[in-house]
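Chemist: What follows is the file target08.pdb, containing PDB, C-alpha atoms and all ligand atoms:
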```pdb
ATOM      1  CA  MET A   1     -20.535 -41.248  63.086  1.00  0.00           C
ATOM      2  CA  SER A   2     -22.965 -39.664  60.673  1.00  0.00           C
ATOM      3  CA  GLU A   3     -22.976 -36.357  58.836  1.00  0.00           C
ATOM      4  CA  THR A   4     -21.004 -33.692  60.633  1.00  0.00           C
ATOM      5  CA  HIS A   5     -21.459 -29.988  60.046  1.00  0.00           C
ATOM      6  CA  HIS A   6     -18.043 -29.207  58.676  1.00  0.00           C
ATOM      7  CA  GLY A   7     -19.365 -27.869  55.392  1.00  0.00           C
ATOM      8  CA  ALA A   8     -16.726 -29.572  53.267  1.00  0.00           C
ATOM      9  CA  ARG A   9     -17.770 -31.442  50.136  1.00  0.00           C
ATOM     10  CA  HIS A  10     -14.456 -32.429  48.583  1.00  0.00           C
ATOM     11  CA  VAL A  11     -11.268 -33.359  50.443  1.00  0.00           C
ATOM     12  CA  ALA A  12      -7.975 -34.426  48.857  1.00  0.00           C
ATOM     13  CA  ILE A  13      -5.064 -36.139  50.581  1.00  0.00           C
ATOM     14  CA  ILE A  14      -1.367 -36.434  49.769  1.00  0.00           C
ATOM     15  CA  MET A  15      -0.717 -39.723  51.567  1.00  0.00           C
ATOM     16  CA  ASP A  16       2.906 -39.350  52.578  1.00  0.00           C
ATOM     17  CA  GLY A  17       5.122 -41.173  55.063  1.00  0.00           C
ATOM     18  CA  ASN A  18       4.633 -44.870  54.314  1.00  0.00           C
ATOM     19  CA  GLY A  19       8.384 -45.380  53.919  1.00  0.00           C
ATOM     20  CA  ARG A  20       9.206 -43.648  57.208  1.00  0.00           C
ATOM     21  CA  TRP A  21       6.471 -45.606  59.011  1.00  0.00           C
ATOM     22  CA  ALA A  22       8.132 -48.846  57.847  1.00  0.00           C
ATOM     23  CA  LYS A  23      11.657 -47.647  58.615  1.00  0.00           C
ATOM     24  CA  LYS A  24      10.709 -46.809  62.206  1.00  0.00           C
ATOM     25  CA  ARG A  25       9.668 -50.452  62.581  1.00  0.00           C
ATOM     26  CA  PHE A  26      12.717 -51.886  60.761  1.00  0.00           C
ATOM     27  CA  LEU A  27      10.370 -53.183  58.059  1.00  0.00           C
ATOM     28  CA  PRO A  28      10.750 -53.047  54.256  1.00  0.00           C
ATOM     29  CA  ARG A  29       9.116 -50.078  52.489  1.00  0.00           C
ATOM     30  CA  VAL A  30       6.442 -52.340  51.012  1.00  0.00           C
ATOM     31  CA  ALA A  31       5.172 -53.027  54.537  1.00  0.00           C
ATOM     32  CA  GLY A  32       4.604 -49.281  54.869  1.00  0.00           C
ATOM     33  CA  HIS A  33       2.645 -49.217  51.626  1.00  0.00           C
ATOM     34  CA  LYS A  34       0.564 -52.202  52.795  1.00  0.00           C
ATOM     35  CA  ALA A  35      -0.240 -50.368  56.013  1.00  0.00           C
ATOM     36  CA  GLY A  36      -1.019 -47.358  53.815  1.00  0.00           C
ATOM     37  CA  VAL A  37      -3.647 -49.353  51.943  1.00  0.00           C
ATOM     38  CA  GLU A  38      -5.292 -50.264  55.275  1.00  0.00           C
ATOM     39  CA  ALA A  39      -5.433 -46.556  56.098  1.00  0.00           C
ATOM     40  CA  VAL A  40      -7.007 -45.881  52.686  1.00  0.00           C
ATOM     41  CA  ARG A  41      -9.718 -48.450  53.438  1.00  0.00           C
ATOM     42  CA  THR A  42     -10.538 -46.938  56.818  1.00  0.00           C
ATOM     43  CA  ILE A  43     -10.497 -43.356  55.569  1.00  0.00           C
ATOM     44  CA  VAL A  44     -12.719 -44.059  52.552  1.00  0.00           C
ATOM     45  CA  ARG A  45     -15.318 -45.531  54.906  1.00  0.00           C
ATOM     46  CA  ALA A  46     -14.994 -42.587  57.295  1.00  0.00           C
ATOM     47  CA  ALA A  47     -15.233 -40.035  54.479  1.00  0.00           C
ATOM     48  CA  ALA A  48     -18.548 -41.531  53.365  1.00  0.00           C
ATOM     49  CA  GLU A  49     -19.840 -41.556  56.958  1.00  0.00           C
ATOM     50  CA  MET A  50     -18.755 -37.943  57.448  1.00  0.00           C
ATOM     51  CA  GLY A  51     -20.851 -36.937  54.454  1.00  0.00           C
ATOM     52  CA  LEU A  52     -18.095 -36.036  52.003  1.00  0.00           C
ATOM     53  CA  GLU A  53     -19.168 -36.079  48.366  1.00  0.00           C
ATOM     54  CA  ALA A  54     -15.644 -36.649  47.075  1.00  0.00           C
ATOM     55  CA  LEU A  55     -12.307 -37.861  48.403  1.00  0.00           C
ATOM     56  CA  THR A  56      -9.310 -37.577  46.078  1.00  0.00           C
ATOM     57  CA  LEU A  57      -6.190 -39.562  47.001  1.00  0.00           C
ATOM     58  CA  TYR A  58      -2.699 -39.155  45.529  1.00  0.00           C
ATOM     59  CA  ALA A  59      -1.704 -42.799  45.077  1.00  0.00           C
ATOM     60  CA  PHE A  60       0.906 -42.663  42.320  1.00  0.00           C
ATOM     61  CA  SER A  61       2.400 -39.537  40.802  1.00  0.00           C
ATOM     62  CA  SER A  62       3.896 -39.258  37.347  1.00  0.00           C
ATOM     63  CA  GLU A  63       7.210 -38.737  39.187  1.00  0.00           C
ATOM     64  CA  ASN A  64       6.885 -41.979  41.173  1.00  0.00           C
ATOM     65  CA  TRP A  65       8.228 -43.927  38.151  1.00  0.00           C
ATOM     66  CA  LYS A  66      11.672 -42.773  39.304  1.00  0.00           C
ATOM     67  CA  ARG A  67      11.452 -45.091  42.320  1.00  0.00           C
ATOM     68  CA  PRO A  68      13.203 -48.478  42.193  1.00  0.00           C
ATOM     69  CA  GLU A  69      11.479 -50.923  39.836  1.00  0.00           C
ATOM     70  CA  GLU A  70      10.620 -53.246  42.712  1.00  0.00           C
ATOM     71  CA  GLU A  71       8.821 -50.512  44.645  1.00  0.00           C
ATOM     72  CA  VAL A  72       6.889 -49.415  41.542  1.00  0.00           C
ATOM     73  CA  SER A  73       5.750 -52.984  40.980  1.00  0.00           C
ATOM     74  CA  ASP A  74       4.843 -53.389  44.675  1.00  0.00           C
ATOM     75  CA  LEU A  75       2.703 -50.243  44.484  1.00  0.00           C
ATOM     76  CA  MET A  76       0.954 -51.374  41.282  1.00  0.00           C
ATOM     77  CA  GLY A  77       0.340 -54.809  42.822  1.00  0.00           C
ATOM     78  CA  LEU A  78      -1.180 -53.246  45.940  1.00  0.00           C
ATOM     79  CA  MET A  79      -3.359 -51.027  43.814  1.00  0.00           C
ATOM     80  CA  LYS A  80      -4.678 -53.972  41.823  1.00  0.00           C
ATOM     81  CA  ARG A  81      -5.367 -55.998  44.957  1.00  0.00           C
ATOM     82  CA  PHE A  82      -7.086 -53.018  46.576  1.00  0.00           C
ATOM     83  CA  ILE A  83      -9.445 -52.584  43.626  1.00  0.00           C
ATOM     84  CA  LEU A  84     -10.158 -56.309  43.429  1.00  0.00           C
ATOM     85  CA  SER A  85     -10.749 -56.793  47.126  1.00  0.00           C
ATOM     86  CA  ASP A  86     -12.717 -53.609  47.799  1.00  0.00           C
ATOM     87  CA  LEU A  87     -14.946 -53.452  44.759  1.00  0.00           C
ATOM     88  CA  ASP A  88     -17.746 -55.312  46.555  1.00  0.00           C
ATOM     89  CA  GLU A  89     -17.526 -52.912  49.463  1.00  0.00           C
ATOM     90  CA  PHE A  90     -17.718 -49.884  47.120  1.00  0.00           C
ATOM     91  CA  ALA A  91     -20.788 -51.409  45.535  1.00  0.00           C
ATOM     92  CA  ALA A  92     -22.351 -52.071  48.954  1.00  0.00           C
ATOM     93  CA  ASN A  93     -21.568 -48.584  50.271  1.00  0.00           C
ATOM     94  CA  ASP A  94     -22.610 -46.636  47.172  1.00  0.00           C
ATOM     95  CA  VAL A  95     -19.038 -45.458  46.520  1.00  0.00           C
ATOM     96  CA  LYS A  96     -18.226 -44.468  42.954  1.00  0.00           C
ATOM     97  CA  LEU A  97     -14.651 -45.000  41.827  1.00  0.00           C
ATOM     98  CA  LYS A  98     -12.929 -42.436  39.645  1.00  0.00           C
ATOM     99  CA  ILE A  99      -9.344 -42.358  38.431  1.00  0.00           C
ATOM    100  CA  ILE A 100      -7.516 -39.150  37.576  1.00  0.00           C
ATOM    101  CA  GLY A 101      -4.204 -38.858  35.714  1.00  0.00           C
ATOM    102  CA  ASN A 102      -2.843 -40.733  32.714  1.00  0.00           C
ATOM    103  CA  TRP A 103      -4.139 -44.101  33.882  1.00  0.00           C
ATOM    104  CA  ARG A 104      -4.666 -45.403  30.357  1.00  0.00           C
ATOM    105  CA  ALA A 105      -0.878 -45.454  29.962  1.00  0.00           C
ATOM    106  CA  LEU A 106      -0.534 -48.021  32.774  1.00  0.00           C
ATOM    107  CA  ALA A 107       0.002 -51.756  32.162  1.00  0.00           C
ATOM    108  CA  PRO A 108      -2.860 -53.360  30.156  1.00  0.00           C
ATOM    109  CA  ASP A 109      -3.948 -55.585  33.059  1.00  0.00           C
ATOM    110  CA  VAL A 110      -4.252 -52.538  35.348  1.00  0.00           C
ATOM    111  CA  VAL A 111      -6.181 -50.594  32.693  1.00  0.00           C
ATOM    112  CA  GLU A 112      -8.577 -53.507  32.208  1.00  0.00           C
ATOM    113  CA  LEU A 113      -9.140 -53.853  35.950  1.00  0.00           C
ATOM    114  CA  ILE A 114      -9.783 -50.118  36.294  1.00  0.00           C
ATOM    115  CA  GLU A 115     -12.247 -50.112  33.403  1.00  0.00           C
ATOM    116  CA  LYS A 116     -14.227 -52.918  35.047  1.00  0.00           C
ATOM    117  CA  ALA A 117     -14.202 -51.167  38.419  1.00  0.00           C
ATOM    118  CA  LEU A 118     -15.298 -47.867  36.873  1.00  0.00           C
ATOM    119  CA  SER A 119     -18.204 -49.399  35.038  1.00  0.00           C
ATOM    120  CA  ARG A 120     -19.249 -51.490  38.036  1.00  0.00           C
ATOM    121  CA  THR A 121     -19.427 -48.412  40.324  1.00  0.00           C
ATOM    122  CA  ALA A 122     -20.610 -45.865  37.743  1.00  0.00           C
ATOM    123  CA  GLY A 123     -24.162 -45.830  39.093  1.00  0.00           C
ATOM    124  CA  ASN A 124     -23.107 -45.154  42.703  1.00  0.00           C
ATOM    125  CA  SER A 125     -23.628 -41.682  44.083  1.00  0.00           C
ATOM    126  CA  ARG A 126     -23.015 -41.355  47.841  1.00  0.00           C
ATOM    127  CA  THR A 127     -19.284 -40.592  47.688  1.00  0.00           C
ATOM    128  CA  THR A 128     -16.791 -40.491  44.837  1.00  0.00           C
ATOM    129  CA  LEU A 129     -13.375 -41.956  45.582  1.00  0.00           C
ATOM    130  CA  ALA A 130     -11.016 -40.378  43.053  1.00  0.00           C
ATOM    131  CA  VAL A 131      -7.639 -42.092  42.944  1.00  0.00           C
ATOM    132  CA  ALA A 132      -4.793 -40.201  41.267  1.00  0.00           C
ATOM    133  CA  LEU A 133      -2.728 -42.702  39.261  1.00  0.00           C
ATOM    134  CA  ASN A 134       0.156 -41.645  37.040  1.00  0.00           C
ATOM    135  CA  TYR A 135      -1.045 -38.146  37.865  1.00  0.00           C
ATOM    136  CA  GLY A 136       0.779 -34.819  37.671  1.00  0.00           C
ATOM    137  CA  ALA A 137      -1.049 -31.485  37.922  1.00  0.00           C
ATOM    138  CA  GLN A 138       1.119 -29.721  35.345  1.00  0.00           C
ATOM    139  CA  ASP A 139       0.414 -32.507  32.874  1.00  0.00           C
ATOM    140  CA  GLU A 140      -3.313 -32.291  33.705  1.00  0.00           C
ATOM    141  CA  LEU A 141      -3.226 -28.530  33.063  1.00  0.00           C
ATOM    142  CA  VAL A 142      -1.411 -28.931  29.750  1.00  0.00           C
ATOM    143  CA  ARG A 143      -4.001 -31.497  28.651  1.00  0.00           C
ATOM    144  CA  ALA A 144      -6.875 -29.291  29.826  1.00  0.00           C
ATOM    145  CA  ALA A 145      -5.465 -26.175  28.117  1.00  0.00           C
ATOM    146  CA  ALA A 146      -4.932 -28.106  24.869  1.00  0.00           C
ATOM    147  CA  ALA A 147      -8.498 -29.444  25.008  1.00  0.00           C
ATOM    148  CA  ALA A 148      -9.831 -25.946  25.731  1.00  0.00           C
ATOM    149  CA  ALA A 149      -7.860 -24.525  22.785  1.00  0.00           C
ATOM    150  CA  ALA A 150      -9.142 -27.276  20.500  1.00  0.00           C
ATOM    151  CA  ALA A 151     -12.686 -26.445  21.608  1.00  0.00           C
ATOM    152  CA  GLY A 152     -12.238 -22.747  20.800  1.00  0.00           C
ATOM    153  CA  ALA A 153     -10.847 -20.619  23.611  1.00  0.00           C
ATOM    154  CA  ILE A 154      -8.428 -20.868  26.524  1.00  0.00           C
ATOM    155  CA  THR A 155     -10.422 -19.322  29.357  1.00  0.00           C
ATOM    156  CA  ALA A 156     -10.395 -20.234  33.043  1.00  0.00           C
ATOM    157  CA  GLU A 157     -13.849 -21.776  32.684  1.00  0.00           C
ATOM    158  CA  ALA A 158     -12.819 -23.804  29.636  1.00  0.00           C
ATOM    159  CA  ILE A 159      -9.661 -25.091  31.333  1.00  0.00           C
ATOM    160  CA  GLU A 160     -11.638 -26.008  34.435  1.00  0.00           C
ATOM    161  CA  ALA A 161     -14.188 -27.873  32.340  1.00  0.00           C
ATOM    162  CA  HIS A 162     -11.404 -30.067  30.926  1.00  0.00           C
ATOM    163  CA  LEU A 163      -9.608 -30.904  34.160  1.00  0.00           C
ATOM    164  CA  ASP A 164      -9.666 -34.535  35.255  1.00  0.00           C
ATOM    165  CA  THR A 165     -11.729 -33.395  38.258  1.00  0.00           C
ATOM    166  CA  ALA A 166     -14.309 -31.451  36.196  1.00  0.00           C
ATOM    167  CA  ASP A 167     -17.220 -33.529  37.482  1.00  0.00           C
ATOM    168  CA  LEU A 168     -16.267 -33.254  41.185  1.00  0.00           C
ATOM    169  CA  PRO A 169     -17.330 -30.514  43.608  1.00  0.00           C
ATOM    170  CA  PRO A 170     -14.760 -27.717  44.125  1.00  0.00           C
ATOM    171  CA  LEU A 171     -11.857 -28.767  46.336  1.00  0.00           C
ATOM    172  CA  ASP A 172     -12.421 -27.524  49.905  1.00  0.00           C
ATOM    173  CA  LEU A 173      -9.548 -29.014  51.847  1.00  0.00           C
ATOM    174  CA  LEU A 174      -6.163 -30.472  50.905  1.00  0.00           C
ATOM    175  CA  ILE A 175      -4.403 -32.566  53.540  1.00  0.00           C
ATOM    176  CA  ARG A 176      -0.754 -33.686  53.455  1.00  0.00           C
ATOM    177  CA  THR A 177       0.546 -36.125  56.031  1.00  0.00           C
ATOM    178  CA  SER A 178       4.042 -36.731  57.404  1.00  0.00           C
ATOM    179  CA  GLY A 179       5.231 -33.174  57.939  1.00  0.00           C
ATOM    180  CA  GLU A 180       6.186 -32.230  54.375  1.00  0.00           C
ATOM    181  CA  VAL A 181       4.858 -28.813  53.390  1.00  0.00           C
ATOM    182  CA  ARG A 182       4.699 -29.054  49.589  1.00  0.00           C
ATOM    183  CA  LEU A 183       2.021 -29.667  46.969  1.00  0.00           C
ATOM    184  CA  SER A 184       4.266 -31.953  44.872  1.00  0.00           C
ATOM    185  CA  ASN A 185       2.406 -31.320  41.616  1.00  0.00           C
ATOM    186  CA  PHE A 186      -0.983 -32.379  43.047  1.00  0.00           C
ATOM    187  CA  LEU A 187      -4.233 -30.554  42.130  1.00  0.00           C
ATOM    188  CA  LEU A 188      -2.471 -27.215  41.509  1.00  0.00           C
ATOM    189  CA  TRP A 189      -5.437 -25.561  39.795  1.00  0.00           C
ATOM    190  CA  GLN A 190      -7.973 -27.020  42.223  1.00  0.00           C
ATOM    191  CA  SER A 191      -6.000 -25.799  45.286  1.00  0.00           C
ATOM    192  CA  ALA A 192      -6.321 -22.142  44.287  1.00  0.00           C
ATOM    193  CA  TYR A 193      -8.947 -21.545  46.987  1.00  0.00           C
ATOM    194  CA  ALA A 194      -8.669 -24.738  49.034  1.00  0.00           C
ATOM    195  CA  GLU A 195      -7.766 -24.751  52.698  1.00  0.00           C
ATOM    196  CA  LEU A 196      -4.383 -26.442  53.187  1.00  0.00           C
ATOM    197  CA  TYR A 197      -3.822 -28.698  56.200  1.00  0.00           C
ATOM    198  CA  PHE A 198      -0.494 -30.262  57.102  1.00  0.00           C
ATOM    199  CA  THR A 199      -0.028 -32.858  59.819  1.00  0.00           C
ATOM    200  CA  ASP A 200       3.065 -34.678  61.094  1.00  0.00           C
ATOM    201  CA  THR A 201       1.119 -37.945  61.335  1.00  0.00           C
ATOM    202  CA  LEU A 202       2.497 -40.564  58.937  1.00  0.00           C
ATOM    203  CA  TRP A 203      -0.105 -41.839  56.456  1.00  0.00           C
ATOM    204  CA  PRO A 204      -0.427 -45.399  57.891  1.00  0.00           C
ATOM    205  CA  ASP A 205      -1.184 -43.818  61.303  1.00  0.00           C
ATOM    206  CA  PHE A 206      -3.842 -41.436  59.900  1.00  0.00           C
ATOM    207  CA  LYS A 207      -7.175 -42.334  61.529  1.00  0.00           C
ATOM    208  CA  PRO A 208     -10.786 -41.138  61.090  1.00  0.00           C
ATOM    209  CA  ALA A 209     -10.199 -38.881  64.135  1.00  0.00           C
ATOM    210  CA  ASP A 210      -7.389 -37.165  62.187  1.00  0.00           C
ATOM    211  CA  LEU A 211      -9.728 -36.611  59.244  1.00  0.00           C
ATOM    212  CA  GLN A 212     -12.298 -35.225  61.670  1.00  0.00           C
ATOM    213  CA  ALA A 213      -9.655 -32.869  63.146  1.00  0.00           C
ATOM    214  CA  ALA A 214      -8.832 -31.593  59.656  1.00  0.00           C
ATOM    215  CA  LEU A 215     -12.537 -31.063  58.925  1.00  0.00           C
ATOM    216  CA  ASP A 216     -12.972 -29.229  62.258  1.00  0.00           C
ATOM    217  CA  HIS A 217     -10.054 -26.992  61.269  1.00  0.00           C
ATOM    218  CA  PHE A 218     -11.751 -26.361  57.924  1.00  0.00           C
ATOM    219  CA  ALA A 219     -15.056 -25.505  59.622  1.00  0.00           C
ATOM    220  CA  ARG A 220     -13.282 -22.988  61.912  1.00  0.00           C
ATOM    221  CA  ARG A 221     -11.520 -21.366  58.944  1.00  0.00           C
ATOM    222  CA  GLU A 222     -14.835 -21.158  57.081  1.00  0.00           C
ATOM    223  CA  ARG A 223     -16.506 -19.430  60.009  1.00  0.00           C
ATOM    224  CA  ARG A 224     -13.690 -16.910  60.358  1.00  0.00           C
ATOM    225  CA  TYR A 225     -13.791 -16.154  56.651  1.00  0.00           C
ATOM    226  CA  GLY A 226     -17.570 -15.712  56.731  1.00  0.00           C
ATOM    227  CA  GLY A 227     -17.281 -13.375  59.711  1.00  0.00           C
ATOM    228  CA  LEU A 228     -14.946 -10.914  58.038  1.00  0.00           C
TER     229      LEU A 228
HETATM  230  C1  LIG A 301       4.113 -41.902  50.150  1.00  0.00           C
HETATM  231  O1  LIG A 301       4.921 -42.537  51.058  1.00  0.00           O
HETATM  232  C2  LIG A 301       3.155 -42.807  49.566  1.00  0.00           C
HETATM  233  C3  LIG A 301       3.142 -43.203  48.254  1.00  0.00           C
HETATM  234  C4  LIG A 301       4.110 -42.747  47.255  1.00  0.00           C
HETATM  235  C5  LIG A 301       2.144 -44.129  47.749  1.00  0.00           C
HETATM  236  C6  LIG A 301       0.790 -44.033  48.340  1.00  0.00           C
HETATM  237  C7  LIG A 301       0.148 -45.322  48.130  1.00  0.00           C
HETATM  238  C8  LIG A 301      -0.632 -45.980  49.011  1.00  0.00           C
HETATM  239  C9  LIG A 301      -1.070 -45.456  50.317  1.00  0.00           C
HETATM  240  C10 LIG A 301      -1.102 -47.349  48.702  1.00  0.00           C
HETATM  241  C11 LIG A 301      -1.962 -47.541  47.526  1.00  0.00           C
HETATM  242  C12 LIG A 301      -3.103 -46.601  47.373  1.00  0.00           C
HETATM  243  C13 LIG A 301      -4.382 -46.963  47.139  1.00  0.00           C
HETATM  244  C14 LIG A 301      -5.401 -45.932  46.777  1.00  0.00           C
HETATM  245  C15 LIG A 301      -4.820 -48.341  47.244  1.00  0.00           C
HETATM  246  P1  LIG A 301       6.474 -42.548  50.804  1.00  0.00           P
HETATM  247  O2  LIG A 301       6.837 -43.883  50.280  1.00  0.00           O
HETATM  248  O3  LIG A 301       6.878 -41.387  49.967  1.00  0.00           O
HETATM  249  O4  LIG A 301       6.987 -42.382  52.280  1.00  0.00           O
HETATM  250  P2  LIG A 301       8.322 -41.698  52.781  1.00  0.00           P
HETATM  251  O5  LIG A 301       8.276 -40.268  52.323  1.00  0.00           O
HETATM  252  O6  LIG A 301       8.232 -41.848  54.257  1.00  0.00           O
HETATM  253  O7  LIG A 301       9.459 -42.485  52.171  1.00  0.00           O
END
```
Using structure tokens, write down the structure from this file.
Modeler:
Amino acid sequence: MSETHHGARHVAIIMDGNGRWAKKRFLPRVAGHKAGVEAVRTIVRAAAEMGLEALTLYAFSSENWKRPEEEVSDLMGLMKRFILSDLDEFAANDVKLKIIGNWRALAPDVVELIEKALSRTAGNSRTTLAVALNYGAQDELVRAAAAAAAAGAITAEAIEAHLDTADLPPLDLLIRTSGEVRLSNFLLWQSAYAELYFTDTLWPDFKPADLQAALDHFARRERRYGGL
């Protein structure tokens, strides 16, 4: 599959439903998260092939610390392994890694790994994979407003320029899997004009065809809007 004419540049996904995917199979939650990482791999590849400039994934919210310690450590472990194992593929496929959220507050080994991955992929330009880690949109907005105030004036433009996503194209489409219809403190500012797309598919079952369906939906919405 090569470039499709959906017109979207930046897609974000709230990857929900790993736990339910595992439960349906009588497996531990971590098995759902592992399957979720496989879906991430496939979708990152597909996003690049579909011509997206940026894909932002909600991997760990600032609220996720409330989960049992074991699950938090499983998620961090999966994240580390994902970065380690896929770094070569990012390099080969011209994917630039970006992390949004308070990632510098994570464990020192995670921070070190992220820093290496960021510098190794900094020169890539086909697609940016932005992973939200220890991210909360209200926190992002508070930080951006404070930075704007420190720089002189709190205007919409100044806030926008200090968001974690400032260097990404505007958000076109926000997808949430698993049937929940909430934004859960993800990209609140950036969603102001984004198309929202909710699907019952659980994240580990989300395939490139599902991403294509969401992009087709976006293209239809765009056309309707343009025709008004
Ligand atoms: C939601 O499922 C998913 C998460 C909280 C974590 C998402 C993380 C991954 C897909 C793996 C790591 C990510 C990367 C980028 C390598 P849930 O546990 O809330 O599911 P449930 O609502 O069915 O319980």
Chemist: Could you pull the residues within 6 Å of Ala132 (chain A), counting all atoms listed in the file, minus those fewer than 4 positions along the same chain, as a list in words?
Modeler: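 In the requested format, the answer is Leu57, Tyr58, Ala59, Ile99, Ile100 and Gly101 of chain A.
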Chemist: Could you list, as a list in words, all the residues within 7 Å of ligand LIG 301 (chain A), counting only C-alpha atoms and all ligand atoms?
Modeler: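 Going residue by residue within 7 Å of ligand LIG 301 (chain A), we get Met15, Asp16, Gly17, Asn18, Gly19, Arg20, Trp21, Arg29, His33, Lys34, Gly36, Val37, Val40, Leu57, Tyr58, Ala59, Phe60, Asn64, Leu75, Leu78, Met79, Phe82 and Val131 of chain A.
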Chemist: Restricting it to C-alpha atoms, dump the selection as a tab-separated table (two decimals), in the frame of the given file.
Modeler:
```
chain	number	residue	atom	x	y	z
A	15	MET	CA	-0.72	-39.72	51.57
A	16	ASP	CA	2.91	-39.35	52.58
A	17	GLY	CA	5.12	-41.17	55.06
A	18	ASN	CA	4.63	-44.87	54.31
A	19	GLY	CA	8.38	-45.38	53.92
A	20	ARG	CA	9.21	-43.65	57.21
A	21	TRP	CA	6.47	-45.61	59.01
A	29	ARG	CA	9.12	-50.08	52.49
A	33	HIS	CA	2.64	-49.22	51.63
A	34	LYS	CA	0.56	-52.20	52.80
A	36	GLY	CA	-1.02	-47.36	53.82
A	37	VAL	CA	-3.65	-49.35	51.94
A	40	VAL	CA	-7.01	-45.88	52.69
A	57	LEU	CA	-6.19	-39.56	47.00
A	58	TYR	CA	-2.70	-39.16	45.53
A	59	ALA	CA	-1.70	-42.80	45.08
A	60	PHE	CA	0.91	-42.66	42.32
A	64	ASN	CA	6.88	-41.98	41.17
A	75	LEU	CA	2.70	-50.24	44.48
A	78	LEU	CA	-1.18	-53.25	45.94
A	79	MET	CA	-3.36	-51.03	43.81
A	82	PHE	CA	-7.09	-53.02	46.58
A	131	VAL	CA	-7.64	-42.09	42.94
```
Chemist: Rounded to one decimal in Å, what is the spacing between CA of Ser73 (chain A) and CA of Asp109 (chain A)?
Modeler: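 So the two atoms, CA of Ser73 (chain A) and CA of Asp109 (chain A), lie 12.8 Å apart.
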Chemist: Which residue is closest to Glu63 (chain A)? Choose from A:Asn93, A:Ser178, A:Ser85, A:Ser184 and count all atoms listed in the file.
Modeler: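 Answer, going by the shortest atom-to-atom distance: A:Ser184.
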Chemist: Which residue, A:Arg143, A:Arg41, A:Lys116, A:Arg182, has the smallest gap to Pro204 (chain A) when you use only C-alpha atoms?
Modeler: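 Going through A:Arg143, A:Arg41, A:Lys116, A:Arg182 one by one, the smallest distance to Pro204 (chain A) is for A:Arg41.
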Chemist: Determine the residue membership of the PyMOL selection byres (((chain A and resi 177) around 10) and not hetatm) for the file above and supply it as a VMD selection string.
Modeler: chain A and resid 13 to 18 175 to 176 178 to 181 197 to 206
Chemist: Near Arg120 (chain A), within 12 Å and counting all atoms listed in the file, which residues show up once chain neighbours fewer than 3 positions away are dropped, as a PyMOL selection string?
Modeler: chain A and resi 83-84+86-92+94-98+113-117+123-124
Chemist: If I take CA of Thr56 (chain A) and CA of Val44 (chain A), how far is one from the other in Å, to one decimal?
Modeler: 9.8 Å
Chemist: Selected by the PyMOL selection byres (((chain A and resi 168) around 9) and not hetatm) in the shown coordinates: which residues, as a PyMOL selection string?
Modeler: chain A and resi 10+53-54+128+164-167+169-171
Chemist: Could you jot down the CA of Glu69 (chain A) to CA of Leu187 (chain A) separation for me, Å, one decimal place?
Modeler: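 Result for CA of Glu69 (chain A) versus CA of Leu187 (chain A): 25.8 Å, one decimal.
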Chemist: Pick out the residues sitting within 9 Å of Ile43 (chain A), and hand them over as a count of residues only; count all atoms listed in the file, and ignore anything fewer than 2 positions along from it in its own chain.
Modeler: 12
Chemist: N, CA and C atoms are needed for region 209-220 of chain A; please write them out as an mmCIF file, in the coordinates of the input.
Modeler:
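Result file follows (selection26.cif):
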```cif
data_model
loop_
_atom_site.group_PDB
_atom_site.id
_atom_site.type_symbol
_atom_site.label_atom_id
_atom_site.label_comp_id
_atom_site.auth_asym_id
_atom_site.auth_seq_id
_atom_site.Cartn_x
_atom_site.Cartn_y
_atom_site.Cartn_z
ATOM 1 N N ALA A 209 -10.261 -40.045 63.228
ATOM 2 C CA ALA A 209 -10.199 -38.881 64.135
ATOM 3 C C ALA A 209 -9.299 -37.783 63.558
ATOM 4 N N ASP A 210 -8.268 -38.169 62.817
ATOM 5 C CA ASP A 210 -7.389 -37.165 62.187
ATOM 6 C C ASP A 210 -8.120 -36.461 61.047
ATOM 7 N N LEU A 211 -8.925 -37.229 60.303
ATOM 8 C CA LEU A 211 -9.728 -36.611 59.244
ATOM 9 C C LEU A 211 -10.734 -35.650 59.870
ATOM 10 N N GLN A 212 -11.340 -36.087 60.978
ATOM 11 C CA GLN A 212 -12.298 -35.225 61.670
ATOM 12 C C GLN A 212 -11.620 -33.938 62.152
ATOM 13 N N ALA A 213 -10.393 -34.058 62.670
ATOM 14 C CA ALA A 213 -9.655 -32.869 63.146
ATOM 15 C C ALA A 213 -9.405 -31.909 61.991
ATOM 16 N N ALA A 214 -9.068 -32.447 60.830
ATOM 17 C CA ALA A 214 -8.832 -31.593 59.656
ATOM 18 C C ALA A 214 -10.128 -30.909 59.229
ATOM 19 N N LEU A 215 -11.240 -31.644 59.300
ATOM 20 C CA LEU A 215 -12.537 -31.063 58.925
ATOM 21 C C LEU A 215 -12.976 -30.008 59.943
ATOM 22 N N ASP A 216 -12.667 -30.232 61.227
ATOM 23 C CA ASP A 216 -12.972 -29.229 62.258
ATOM 24 C C ASP A 216 -12.181 -27.950 61.984
ATOM 25 N N HIS A 217 -10.902 -28.130 61.617
ATOM 26 C CA HIS A 217 -10.054 -26.992 61.269
ATOM 27 C C HIS A 217 -10.676 -26.237 60.092
ATOM 28 N N PHE A 218 -11.126 -26.978 59.094
ATOM 29 C CA PHE A 218 -11.751 -26.361 57.924
ATOM 30 C C PHE A 218 -12.997 -25.566 58.336
ATOM 31 N N ALA A 219 -13.815 -26.168 59.191
ATOM 32 C CA ALA A 219 -15.056 -25.505 59.622
ATOM 33 C C ALA A 219 -14.738 -24.199 60.356
ATOM 34 N N ARG A 220 -13.672 -24.220 61.191
ATOM 35 C CA ARG A 220 -13.282 -22.988 61.912
ATOM 36 C C ARG A 220 -12.802 -21.923 60.937
#
```
